[in-house]
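Shown next: target_1.json, given as JSON, C-alpha atoms.
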```
[["chain", "number", "residue", "atom", "x", "y", "z"],
["A", 1, "MET", "CA", -1.14, 16.21, -30.81],
["A", 2, "ALA", "CA", -0.05, 13.29, -28.68],
["A", 3, "ARG", "CA", -0.22, 9.97, -30.44],
["A", 4, "LYS", "CA", -2.85, 7.71, -29.01],
["A", 5, "ARG", "CA", -1.32, 4.69, -27.19],
["A", 6, "THR", "CA", -2.19, 1.36, -28.70],
["A", 7, "GLU", "CA", -3.38, -1.14, -26.10],
["A", 8, "GLU", "CA", -2.00, -4.67, -26.38],
["A", 9, "PRO", "CA", -4.60, -7.43, -26.31],
["A", 10, "GLU", "CA", -4.67, -9.58, -23.16],
["A", 11, "LYS", "CA", -3.08, -13.02, -23.46],
["A", 12, "ASP", "CA", -5.47, -15.91, -23.29],
["A", 13, "THR", "CA", -4.50, -18.09, -20.24],
["A", 14, "SER", "CA", -7.52, -20.33, -20.30],
["A", 15, "GLU", "CA", -5.52, -23.29, -21.71],
["A", 16, "ARG", "CA", -2.54, -23.23, -19.35],
["A", 17, "TRP", "CA", -3.86, -26.35, -17.68],
["A", 18, "LEU", "CA", -2.86, -28.29, -20.79],
["A", 19, "LEU", "CA", 0.82, -27.85, -19.90],
["A", 20, "THR", "CA", 0.30, -29.36, -16.44],
["A", 21, "TYR", "CA", -1.82, -32.13, -17.89],
["A", 22, "SER", "CA", 0.79, -33.06, -20.52],
["A", 23, "ASP", "CA", 3.51, -33.13, -17.83],
["A", 24, "LEU", "CA", 1.38, -35.44, -15.73],
["A", 25, "ILE", "CA", 0.72, -37.78, -18.64],
["A", 26, "THR", "CA", 4.46, -37.91, -19.41],
["A", 27, "LEU", "CA", 5.30, -38.77, -15.79],
["A", 28, "LEU", "CA", 2.66, -41.49, -15.71],
["A", 29, "MET", "CA", 4.02, -43.01, -18.91],
["A", 30, "ILE", "CA", 7.55, -43.07, -17.43],
["A", 31, "PHE", "CA", 6.20, -44.62, -14.23],
["A", 32, "PHE", "CA", 4.48, -47.48, -16.05],
["A", 33, "VAL", "CA", 7.52, -48.10, -18.25],
["A", 34, "VAL", "CA", 9.66, -48.46, -15.11],
["A", 35, "MET", "CA", 7.12, -50.77, -13.46],
["A", 36, "TYR", "CA", 6.93, -52.90, -16.59],
["A", 37, "SER", "CA", 10.70, -53.27, -16.76],
["A", 38, "MET", "CA", 10.79, -54.28, -13.06],
["A", 39, "SER", "CA", 8.22, -56.99, -13.68],
["A", 40, "ARG", "CA", 10.44, -58.67, -16.27],
["A", 41, "VAL", "CA", 12.99, -60.00, -13.74],
["A", 42, "ASP", "CA", 13.42, -63.76, -13.47],
["A", 43, "ALA", "CA", 10.55, -64.86, -11.25],
["A", 44, "ASP", "CA", 12.24, -67.99, -9.83],
["A", 45, "LYS", "CA", 15.44, -66.18, -8.88],
["A", 46, "PHE", "CA", 13.53, -63.30, -7.32],
["A", 47, "GLN", "CA", 11.36, -65.80, -5.42],
["A", 48, "ALA", "CA", 14.38, -67.60, -3.94],
["A", 49, "MET", "CA", 16.07, -64.40, -2.82],
["A", 50, "ALA", "CA", 12.86, -62.93, -1.36],
["A", 51, "GLU", "CA", 12.10, -66.05, 0.69],
["A", 52, "SER", "CA", 15.67, -66.38, 1.94],
["A", 53, "LEU", "CA", 15.65, -62.75, 3.08],
["A", 54, "SER", "CA", 12.25, -63.22, 4.72],
["A", 55, "ILE", "CA", 13.46, -66.23, 6.74],
["A", 56, "ALA", "CA", 16.80, -64.59, 7.62],
["A", 57, "LEU", "CA", 15.01, -61.49, 8.91],
["A", 58, "GLY", "CA", 12.48, -63.50, 10.89],
["A", 59, "GLY", "CA", 9.61, -62.83, 8.53],
["A", 60, "GLY", "CA", 8.24, -66.37, 8.55],
["A", 61, "SER", "CA", 7.36, -68.24, 5.41],
["A", 62, "ALA", "CA", 5.75, -65.45, 3.39],
["A", 63, "GLN", "CA", 6.63, -65.78, -0.26],
["A", 64, "VAL", "CA", 6.73, -63.34, -3.14],
["A", 65, "GLU", "CA", 5.57, -64.05, -6.65],
["A", 66, "ILE", "CA", 5.95, -62.22, -9.93],
["A", 67, "GLY", "CA", 3.25, -63.39, -12.27],
["A", 68, "THR", "CA", 1.89, -62.65, -15.70],
["A", 69, "SER", "CA", -1.62, -62.43, -17.03],
["A", 70, "PRO", "CA", -3.08, -62.38, -20.55],
["A", 71, "SER", "CA", -3.29, -58.60, -20.37],
["A", 72, "GLY", "CA", 0.32, -58.11, -19.38],
["A", 73, "PRO", "CA", 2.72, -58.56, -16.47],
["A", 74, "ASN", "CA", 1.39, -58.32, -12.94],
["A", 75, "LEU", "CA", 3.00, -56.35, -10.18],
["A", 76, "ILE", "CA", 4.75, -58.06, -7.28],
["A", 77, "GLU", "CA", 2.25, -59.78, -5.01],
["A", 78, "THR", "CA", 2.51, -61.83, -1.83],
["A", 79, "TYR", "CA", 0.85, -65.18, -1.29],
["A", 80, "PRO", "CA", 0.69, -67.88, 1.38],
["A", 81, "ALA", "CA", 3.46, -70.45, 1.68],
["A", 82, "ASN", "CA", 1.13, -73.30, 0.73],
["A", 83, "LYS", "CA", 0.12, -71.76, -2.58],
["A", 84, "PRO", "CA", 1.69, -73.77, -5.44],
["A", 85, "GLN", "CA", 4.14, -72.03, -7.75],
["A", 86, "GLU", "CA", 2.79, -71.94, -11.25],
["A", 87, "GLY", "CA", 4.52, -72.41, -14.56],
["A", 88, "LYS", "CA", 7.19, -74.96, -13.62],
["A", 89, "GLY", "CA", 7.26, -78.49, -14.90],
["A", 90, "PRO", "CA", 9.22, -81.50, -13.64],
["A", 91, "GLU", "CA", 11.93, -81.36, -16.29],
["A", 92, "ASP", "CA", 12.65, -77.93, -17.70],
["A", 93, "GLY", "CA", 10.82, -75.58, -15.34],
["A", 94, "GLU", "CA", 8.00, -74.85, -17.81],
["A", 95, "GLY", "CA", 4.34, -75.56, -17.17],
["A", 96, "ASN", "CA", 2.99, -78.53, -19.09],
["A", 97, "GLY", "CA", -0.41, -79.04, -17.50],
["A", 98, "ASP", "CA", 0.74, -82.14, -15.54],
["A", 99, "GLY", "CA", 1.58, -80.32, -12.28],
["A", 100, "THR", "CA", 3.91, -77.67, -10.91],
["A", 101, "GLY", "CA", 7.59, -77.86, -10.04],
["A", 102, "ALA", "CA", 6.76, -77.30, -6.37],
["A", 103, "ASP", "CA", 4.30, -80.19, -6.45],
["A", 104, "MET", "CA", 6.89, -82.50, -8.00],
["A", 105, "GLU", "CA", 9.47, -81.50, -5.42],
["A", 106, "ASN", "CA", 7.02, -82.12, -2.58],
["A", 107, "MET", "CA", 6.25, -85.56, -4.00],
["A", 108, "THR", "CA", 9.95, -86.41, -4.12],
["A", 109, "ILE", "CA", 10.49, -85.19, -0.55],
["A", 110, "GLU", "CA", 7.51, -87.23, 0.63],
["A", 111, "THR", "CA", 8.87, -90.34, -1.13],
["A", 112, "ILE", "CA", 12.28, -89.97, 0.53],
["A", 113, "LYS", "CA", 10.65, -89.42, 3.91],
["A", 114, "GLN", "CA", 8.48, -92.54, 3.53],
["A", 115, "LYS", "CA", 11.48, -94.71, 2.65],
["A", 116, "LEU", "CA", 13.51, -93.47, 5.61],
["A", 117, "ASP", "CA", 10.58, -93.78, 8.02],
["A", 118, "LYS", "CA", 10.07, -97.39, 6.88],
["A", 119, "PHE", "CA", 13.78, -98.15, 7.32],
["A", 120, "ALA", "CA", 13.68, -96.70, 10.85],
["A", 121, "ALA", "CA", 10.55, -98.66, 11.75],
["A", 122, "ASP", "CA", 11.90, -101.92, 10.32],
["A", 123, "ASN", "CA", 15.06, -101.57, 12.42],
["A", 124, "GLY", "CA", 13.39, -100.37, 15.61],
["A", 125, "ILE", "CA", 15.10, -96.95, 15.58],
["A", 126, "GLU", "CA", 12.10, -94.77, 14.74],
["A", 127, "THR", "CA", 12.63, -92.71, 17.92],
["A", 128, "LYS", "CA", 16.30, -92.10, 17.08],
["A", 129, "LEU", "CA", 16.04, -91.51, 13.33],
["A", 130, "VAL", "CA", 13.24, -89.02, 12.76],
["A", 131, "SER", "CA", 12.44, -87.17, 9.53],
["A", 132, "SER", "CA", 10.29, -84.06, 9.23],
["A", 133, "ILE", "CA", 9.32, -81.72, 6.41],
["A", 134, "GLU", "CA", 10.05, -78.06, 7.09],
["A", 135, "GLU", "CA", 9.99, -74.85, 5.07],
["A", 136, "ARG", "CA", 13.66, -75.26, 4.14],
["A", 137, "GLY", "CA", 13.26, -78.91, 3.09],
["A", 138, "LEU", "CA", 13.46, -82.43, 4.52],
["A", 139, "VAL", "CA", 15.25, -82.69, 7.88],
["A", 140, "ILE", "CA", 16.56, -86.13, 8.92],
["A", 141, "SER", "CA", 17.47, -85.99, 12.60],
["A", 142, "ILE", "CA", 19.78, -88.76, 13.87],
["A", 143, "GLN", "CA", 20.46, -89.04, 17.60],
["A", 144, "ASP", "CA", 24.13, -89.19, 18.49],
["A", 145, "THR", "CA", 23.90, -92.67, 20.06],
["A", 146, "LEU", "CA", 23.22, -94.13, 16.60],
["A", 147, "LEU", "CA", 26.45, -92.67, 15.25],
["A", 148, "PHE", "CA", 29.05, -92.09, 18.00],
["A", 149, "GLU", "CA", 30.30, -93.20, 21.36],
["A", 150, "SER", "CA", 29.67, -90.74, 24.20],
["A", 151, "GLY", "CA", 31.86, -87.63, 23.86],
["A", 152, "ALA", "CA", 33.47, -88.98, 20.66],
["A", 153, "ALA", "CA", 33.23, -88.08, 16.98],
["A", 154, "VAL", "CA", 34.38, -91.35, 15.35],
["A", 155, "ILE", "CA", 31.68, -93.05, 13.24],
["A", 156, "THR", "CA", 30.89, -96.53, 14.66],
["A", 157, "PRO", "CA", 30.61, -99.57, 12.34],
["A", 158, "LYS", "CA", 26.85, -99.75, 13.00],
["A", 159, "ALA", "CA", 26.56, -96.08, 12.10],
["A", 160, "ARG", "CA", 28.17, -96.71, 8.72],
["A", 161, "GLU", "CA", 25.41, -99.19, 7.88],
["A", 162, "ILE", "CA", 22.76, -96.61, 8.78],
["A", 163, "LEU", "CA", 24.47, -93.86, 6.80],
["A", 164, "ASP", "CA", 24.93, -96.15, 3.79],
["A", 165, "LYS", "CA", 21.19, -96.84, 3.77],
["A", 166, "ILE", "CA", 20.39, -93.12, 4.01],
["A", 167, "ASN", "CA", 22.91, -92.36, 1.26],
["A", 168, "ASN", "CA", 21.30, -94.85, -1.10],
["A", 169, "VAL", "CA", 17.92, -93.16, -0.58],
["A", 170, "LEU", "CA", 19.31, -89.64, -1.03],
["A", 171, "ALA", "CA", 21.60, -90.43, -3.98],
["A", 172, "SER", "CA", 18.89, -89.74, -6.58],
["A", 173, "ALA", "CA", 18.25, -86.20, -5.29],
["A", 174, "PRO", "CA", 20.58, -83.55, -6.75],
["A", 175, "ASN", "CA", 19.74, -81.01, -4.03],
["A", 176, "TYR", "CA", 22.23, -79.46, -1.65],
["A", 177, "ILE", "CA", 22.49, -81.32, 1.65],
["A", 178, "LYS", "CA", 23.58, -79.60, 4.85],
["A", 179, "VAL", "CA", 24.96, -81.80, 7.64],
["A", 180, "GLU", "CA", 24.49, -80.05, 10.99],
["A", 181, "GLY", "CA", 26.06, -81.21, 14.24],
["A", 182, "HIS", "CA", 24.38, -80.45, 17.60],
["A", 183, "THR", "CA", 25.20, -81.15, 21.23],
["A", 184, "ASP", "CA", 23.50, -80.66, 24.60],
["A", 185, "ASN", "CA", 24.58, -77.92, 27.00],
["A", 186, "LEU", "CA", 26.81, -80.06, 29.22],
["A", 187, "PRO", "CA", 30.31, -78.60, 28.89],
["A", 188, "ILE", "CA", 33.16, -80.62, 27.41],
["A", 189, "ASN", "CA", 36.81, -79.68, 27.76],
["A", 190, "THR", "CA", 39.34, -82.20, 26.53],
["A", 191, "SER", "CA", 42.58, -81.97, 24.57],
["A", 192, "ARG", "CA", 40.63, -82.94, 21.43],
["A", 193, "PHE", "CA", 37.45, -80.97, 22.08],
["A", 194, "PRO", "CA", 37.96, -77.70, 23.99],
["A", 195, "SER", "CA", 34.22, -77.00, 23.70],
["A", 196, "ASN", "CA", 30.99, -78.31, 22.22],
["A", 197, "TRP", "CA", 31.68, -76.28, 19.08],
["A", 198, "GLU", "CA", 34.59, -78.51, 18.08],
["A", 199, "LEU", "CA", 32.67, -81.69, 18.91],
["A", 200, "SER", "CA", 29.62, -80.71, 16.83],
["A", 201, "VAL", "CA", 31.71, -79.59, 13.85],
["A", 202, "LEU", "CA", 33.86, -82.73, 13.75],
["A", 203, "ARG", "CA", 30.83, -85.00, 14.07],
["A", 204, "ALA", "CA", 29.17, -83.26, 11.12],
["A", 205, "THR", "CA", 32.41, -83.40, 9.11],
["A", 206, "ASN", "CA", 32.87, -87.13, 9.73],
["A", 207, "VAL", "CA", 29.31, -87.80, 8.56],
["A", 208, "VAL", "CA", 30.04, -85.80, 5.39],
["A", 209, "HIS", "CA", 33.11, -87.95, 4.71],
["A", 210, "ILE", "CA", 30.90, -91.05, 4.75],
["A", 211, "MET", "CA", 28.18, -89.47, 2.63],
["A", 212, "GLN", "CA", 30.54, -88.26, -0.10],
["A", 213, "GLU", "CA", 31.40, -91.87, -0.90],
["A", 214, "ILE", "CA", 28.04, -91.98, -2.71],
["A", 215, "ILE", "CA", 26.81, -88.38, -2.94],
["A", 216, "PRO", "CA", 28.88, -85.79, -4.88],
["A", 217, "ALA", "CA", 30.94, -83.68, -2.51],
["A", 218, "GLU", "CA", 29.79, -80.41, -4.10],
["A", 219, "GLN", "CA", 26.26, -81.11, -2.82],
["A", 220, "LEU", "CA", 27.43, -81.47, 0.79],
["A", 221, "SER", "CA", 28.40, -79.06, 3.55],
["A", 222, "ALA", "CA", 29.15, -79.47, 7.26],
["A", 223, "THR", "CA", 28.12, -77.11, 10.05],
["A", 224, "GLY", "CA", 28.48, -77.26, 13.83],
["A", 225, "TYR", "CA", 26.02, -75.46, 16.10],
["A", 226, "GLY", "CA", 27.26, -76.77, 19.43],
["A", 227, "GLU", "CA", 24.59, -76.46, 22.13],
["A", 228, "TYR", "CA", 22.94, -73.36, 20.65],
["A", 229, "ARG", "CA", 20.18, -74.84, 18.44],
["A", 230, "PRO", "CA", 18.37, -77.21, 20.81],
["A", 231, "LEU", "CA", 15.11, -78.92, 19.86],
["A", 232, "THR", "CA", 13.90, -78.92, 23.45],
["A", 233, "SER", "CA", 14.98, -78.00, 26.96],
["A", 234, "ASN", "CA", 18.27, -79.35, 28.30],
["A", 235, "ASP", "CA", 16.85, -79.57, 31.83],
["A", 236, "THR", "CA", 16.23, -83.34, 31.61],
["A", 237, "GLU", "CA", 18.28, -86.28, 30.38],
["A", 238, "ALA", "CA", 15.59, -87.07, 27.79],
["A", 239, "GLY", "CA", 15.78, -83.50, 26.50],
["A", 240, "ARG", "CA", 19.57, -83.54, 26.35],
["A", 241, "ALA", "CA", 19.50, -86.88, 24.50],
["A", 242, "ARG", "CA", 17.16, -85.42, 21.89],
["A", 243, "ASN", "CA", 19.34, -82.35, 21.43],
["A", 244, "ARG", "CA", 22.51, -84.42, 20.84],
["A", 245, "ARG", "CA", 22.00, -85.14, 17.16],
["A", 246, "VAL", "CA", 23.18, -84.78, 13.59],
["A", 247, "ASP", "CA", 20.64, -83.28, 11.18],
["A", 248, "LEU", "CA", 20.75, -83.97, 7.45],
["A", 249, "VAL", "CA", 18.91, -81.15, 5.71],
["A", 250, "ILE", "CA", 17.91, -81.72, 2.07],
["A", 251, "LEU", "CA", 17.34, -78.14, 0.96],
["A", 252, "ARG", "CA", 14.52, -77.24, -1.38],
["A", 253, "SER", "CA", 15.79, -76.12, -4.77],
["A", 254, "LYS", "CA", 14.49, -72.57, -4.26],
["A", 255, "TYR", "CA", 17.37, -71.99, -1.83],
["A", 256, "ASP", "CA", 20.08, -72.90, -4.36],
["A", 257, "LEU", "CA", 20.80, -69.23, -5.06],
["A", 258, "THR", "CA", 21.74, -68.67, -1.41],
["A", 259, "GLU", "CA", 24.53, -71.24, -1.63],
["A", 260, "PRO", "CA", 28.10, -70.00, -2.29],
["A", 261, "GLY", "CA", 29.08, -69.99, -5.96],
["A", 262, "GLN", "CA", 25.51, -69.63, -7.24],
["A", 263, "SER", "CA", 25.18, -66.35, -9.16],
["A", 264, "LEU", "CA", 22.08, -64.75, -10.62],
["A", 265, "GLU", "CA", 23.48, -65.33, -14.10],
["A", 266, "ALA", "CA", 23.98, -69.07, -13.56],
["A", 267, "ASP", "CA", 22.07, -71.38, -15.86],
["A", 268, "PRO", "CA", 19.22, -72.78, -13.69],
["A", 269, "THR", "CA", 19.12, -75.97, -15.78],
["A", 270, "SER", "CA", 22.72, -76.91, -15.07],
["A", 271, "GLY", "CA", 24.38, -78.40, -12.01],
["A", 272, "THR", "CA", 22.46, -79.53, -8.94],
["A", 273, "SER", "CA", 19.86, -76.84, -8.86],
["A", 274, "ALA", "CA", 16.56, -78.69, -8.53],
["A", 275, "LEU", "CA", 14.80, -81.89, -7.69],
["A", 276, "ARG", "CA", 13.48, -83.45, -10.87]]
```
Rewrite the structure of this file - the entire thing - as structure tokens.
Amino acid sequence: MARKRTEEPEKDTSERWLLTYSDLITLLMIFFVVMYSMSRVDADKFQAMAESLSIALGGGSAQVEIGTSPSGPNLIETYPANKPQEGKGPEDGEGNGDGTGADMENMTIETIKQKLDKFAADNGIETKLVSSIEERGLVISIQDTLLFESGAAVITPKAREILDKINNVLASAPNYIKVEGHTDNLPINTSRFPSNWELSVLRATNVVHIMQEIIPAEQLSATGYGEYRPLTSNDTEAGRARNRRVDLVILRSKYDLTEPGQSLEADPTSGTSALR
């Protein structure tokens, strides 16, 4: 007789979903571990780089913040430019309940601006020495007639007195200071200045030479923009006069990381990295 074939029992597949579920849980755990590790970057350094990139790419003044909450680290979030940065104190960058680092810096910038505005008003040059607060910091705009003869780059004796006064006000601020030379669009072509580029650069450089007598040279830099960064139209003499200027830009400390020689590993409490 033929042996009766034994039938194998059917495999139970009702719990196969557990394998998919366990894979999903594992992937979610890995995802949150990665997100947590990303949130542990230095918030101040990330903030400075994010804002610099935003401005360079034409993104306006949007800022990026990495925050923490009692329940754990938050993800990256954007916030308006006028929102104060939390957790920074006036001395060591830590919150102490007396105000934020951004607030202290704004107060210092306002104080410098008030002193310079008073000096300009007292000497009747308030239309030629104008200060304004911008996203990048305090901009002190000095018309060329206060500093140079027409078409020249030599600092006049009267200009030295003005620069000495400005230097004394700025000496207490350890921030980087950019000196930017500007001209109008009228062409110049001499043996000394083949174009407005050379004139604007040498004017800025000569101002730096005066400033470094009081302010450390490592805080200063000179740039020439020629005719290509006007404040207003060059179609009128008044407009051209306003465009011929030297701007002193006291950079906010959040832009220190964009300056040459400032690495991500640098100690933020050393050097000239912040207004205090």
Using all atoms listed in the file for the distances, tell me which of A:Trp17, A:Phe119, A:Tyr176, A:Phe148 is nearest to Gln219 in chain A.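 Nearest candidate to Gln219 in chain A out of A:Trp17, A:Phe119, A:Tyr176, A:Phe148: A:Tyr176.
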Between CA of Leu147 in chain A and CA of Glu259 in chain A, what is the distance, to one decimal in Å?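 CA of Glu259 in chain A lies 27.3 Å from CA of Leu147 in chain A.
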Pairwise distance for CA of Pro230 in chain A and CA of Arg192 in chain A, rounded to one decimal in Å: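 Distance between the two atoms: 23.0 Å.
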May I ask which of the residues A:Pro157, A:Pro174, A:Gly124, A:Pro194 is the closest one to Ile109 in chain A, counting all atoms listed in the file? A:Pro174
So how far away is CA of Tyr225 in chain A from CA of Ala241 in chain A, in Å?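 Between CA of Ala241 in chain A and CA of Tyr225 in chain A the gap works out to 15.6 Å.
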Spatial neighbours of range 184-186 of chain A, max dist 6 Å, only C-alpha atoms, sep filter under 5 positions, as a list in words: Glu227, Arg240, Asn243 and Arg244 of chain A
Looking at only C-alpha atoms, which of A:Val208, A:Ile166, A:Met104, A:Ala153 is the one that sits closest to Glu180 in chain A?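 Closest candidate: A:Val208.
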Best match for closeness to Ser141 in chain A among A:Val179, A:Leu248, A:Ala204, A:Thr190, counting only C-alpha atoms: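 With only C-alpha atoms as the atom set, the closest residue is A:Leu248.
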Using all atoms listed in the file: which of A:Lys165, A:Ser150, A:Ser253, A:Leu199 has the shortest distance to Lys115 in chain A: A:Lys165
Selected residue, from A:Glu213, A:Asp144, A:Asp23, A:Glu218, that lies nearest to His182 in chain A when counting all atoms listed in the file: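 Looking only at the distances to His182 in chain A, the closest residue turns out to be A:Asp144.
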Some atoms are missing, so please complete range 117-139 of chain A with N, CA and C atoms and return it as a PDB file, in the coordinates of the input.
```pdb
ATOM      1  N   ASP A 117      11.434 -93.423   6.888  1.00  0.00           N
ATOM      2  CA  ASP A 117      10.580 -93.780   8.020  1.00  0.00           C
ATOM      3  C   ASP A 117      10.385 -95.311   8.082  1.00  0.00           C
ATOM      4  N   LYS A 118      10.227 -95.932   6.920  1.00  0.00           N
ATOM      5  CA  LYS A 118      10.070 -97.390   6.880  1.00  0.00           C
ATOM      6  C   LYS A 118      11.346 -98.086   7.350  1.00  0.00           C
ATOM      7  N   PHE A 119      12.497 -97.578   6.886  1.00  0.00           N
ATOM      8  CA  PHE A 119      13.780 -98.150   7.320  1.00  0.00           C
ATOM      9  C   PHE A 119      13.926 -98.039   8.834  1.00  0.00           C
ATOM     10  N   ALA A 120      13.570 -96.892   9.406  1.00  0.00           N
ATOM     11  CA  ALA A 120      13.680 -96.700  10.850  1.00  0.00           C
ATOM     12  C   ALA A 120      12.745 -97.643  11.602  1.00  0.00           C
ATOM     13  N   ALA A 121      11.509 -97.778  11.095  1.00  0.00           N
ATOM     14  CA  ALA A 121      10.550 -98.660  11.750  1.00  0.00           C
ATOM     15  C   ALA A 121      10.974-100.122  11.669  1.00  0.00           C
ATOM     16  N   ASP A 122      11.477-100.538  10.508  1.00  0.00           N
ATOM     17  CA  ASP A 122      11.900-101.920  10.320  1.00  0.00           C
ATOM     18  C   ASP A 122      13.065-102.295  11.227  1.00  0.00           C
ATOM     19  N   ASN A 123      13.880-101.304  11.594  1.00  0.00           N
ATOM     20  CA  ASN A 123      15.060-101.570  12.420  1.00  0.00           C
ATOM     21  C   ASN A 123      14.882-101.130  13.866  1.00  0.00           C
ATOM     22  N   GLY A 124      13.667-100.723  14.223  1.00  0.00           N
ATOM     23  CA  GLY A 124      13.390-100.370  15.610  1.00  0.00           C
ATOM     24  C   GLY A 124      14.095 -99.120  16.088  1.00  0.00           C
ATOM     25  N   ILE A 125      14.391 -98.182  15.188  1.00  0.00           N
ATOM     26  CA  ILE A 125      15.100 -96.950  15.580  1.00  0.00           C
ATOM     27  C   ILE A 125      14.278 -95.714  15.232  1.00  0.00           C
ATOM     28  N   GLU A 126      12.948 -95.886  15.165  1.00  0.00           N
ATOM     29  CA  GLU A 126      12.100 -94.770  14.740  1.00  0.00           C
ATOM     30  C   GLU A 126      12.115 -93.591  15.711  1.00  0.00           C
ATOM     31  N   THR A 127      12.532 -93.822  16.971  1.00  0.00           N
ATOM     32  CA  THR A 127      12.630 -92.710  17.920  1.00  0.00           C
ATOM     33  C   THR A 127      14.001 -92.028  17.852  1.00  0.00           C
ATOM     34  N   LYS A 128      14.952 -92.654  17.172  1.00  0.00           N
ATOM     35  CA  LYS A 128      16.300 -92.100  17.080  1.00  0.00           C
ATOM     36  C   LYS A 128      16.657 -91.607  15.682  1.00  0.00           C
ATOM     37  N   LEU A 129      15.869 -92.006  14.694  1.00  0.00           N
ATOM     38  CA  LEU A 129      16.040 -91.510  13.330  1.00  0.00           C
ATOM     39  C   LEU A 129      14.672 -90.970  12.895  1.00  0.00           C
ATOM     40  N   VAL A 130      14.537 -89.667  12.968  1.00  0.00           N
ATOM     41  CA  VAL A 130      13.240 -89.020  12.760  1.00  0.00           C
ATOM     42  C   VAL A 130      13.364 -88.025  11.593  1.00  0.00           C
ATOM     43  N   SER A 131      12.444 -88.111  10.654  1.00  0.00           N
ATOM     44  CA  SER A 131      12.440 -87.170   9.530  1.00  0.00           C
ATOM     45  C   SER A 131      11.220 -86.269   9.624  1.00  0.00           C
ATOM     46  N   SER A 132      11.395 -85.021   9.208  1.00  0.00           N
ATOM     47  CA  SER A 132      10.290 -84.060   9.230  1.00  0.00           C
ATOM     48  C   SER A 132      10.452 -83.112   8.048  1.00  0.00           C
ATOM     49  N   ILE A 133       9.320 -82.642   7.536  1.00  0.00           N
ATOM     50  CA  ILE A 133       9.320 -81.720   6.410  1.00  0.00           C
ATOM     51  C   ILE A 133       9.126 -80.309   6.938  1.00  0.00           C
ATOM     52  N   GLU A 134      10.088 -79.444   6.636  1.00  0.00           N
ATOM     53  CA  GLU A 134      10.050 -78.060   7.090  1.00  0.00           C
ATOM     54  C   GLU A 134      10.054 -77.133   5.879  1.00  0.00           C
ATOM     55  N   GLU A 135       9.989 -75.837   6.152  1.00  0.00           N
ATOM     56  CA  GLU A 135       9.990 -74.850   5.070  1.00  0.00           C
ATOM     57  C   GLU A 135      11.263 -74.957   4.232  1.00  0.00           C
ATOM     58  N   ARG A 136      12.408 -75.215   4.883  1.00  0.00           N
ATOM     59  CA  ARG A 136      13.660 -75.260   4.140  1.00  0.00           C
ATOM     60  C   ARG A 136      13.873 -76.585   3.410  1.00  0.00           C
ATOM     61  N   GLY A 137      13.123 -77.626   3.774  1.00  0.00           N
ATOM     62  CA  GLY A 137      13.260 -78.910   3.090  1.00  0.00           C
ATOM     63  C   GLY A 137      13.007 -80.072   4.035  1.00  0.00           C
ATOM     64  N   LEU A 138      13.605 -81.226   3.697  1.00  0.00           N
ATOM     65  CA  LEU A 138      13.460 -82.430   4.520  1.00  0.00           C
ATOM     66  C   LEU A 138      14.602 -82.485   5.534  1.00  0.00           C
ATOM     67  N   VAL A 139      14.258 -82.627   6.808  1.00  0.00           N
ATOM     68  CA  VAL A 139      15.250 -82.690   7.880  1.00  0.00           C
ATOM     69  C   VAL A 139      15.247 -84.111   8.459  1.00  0.00           C
TER      70      VAL A 139
END
```
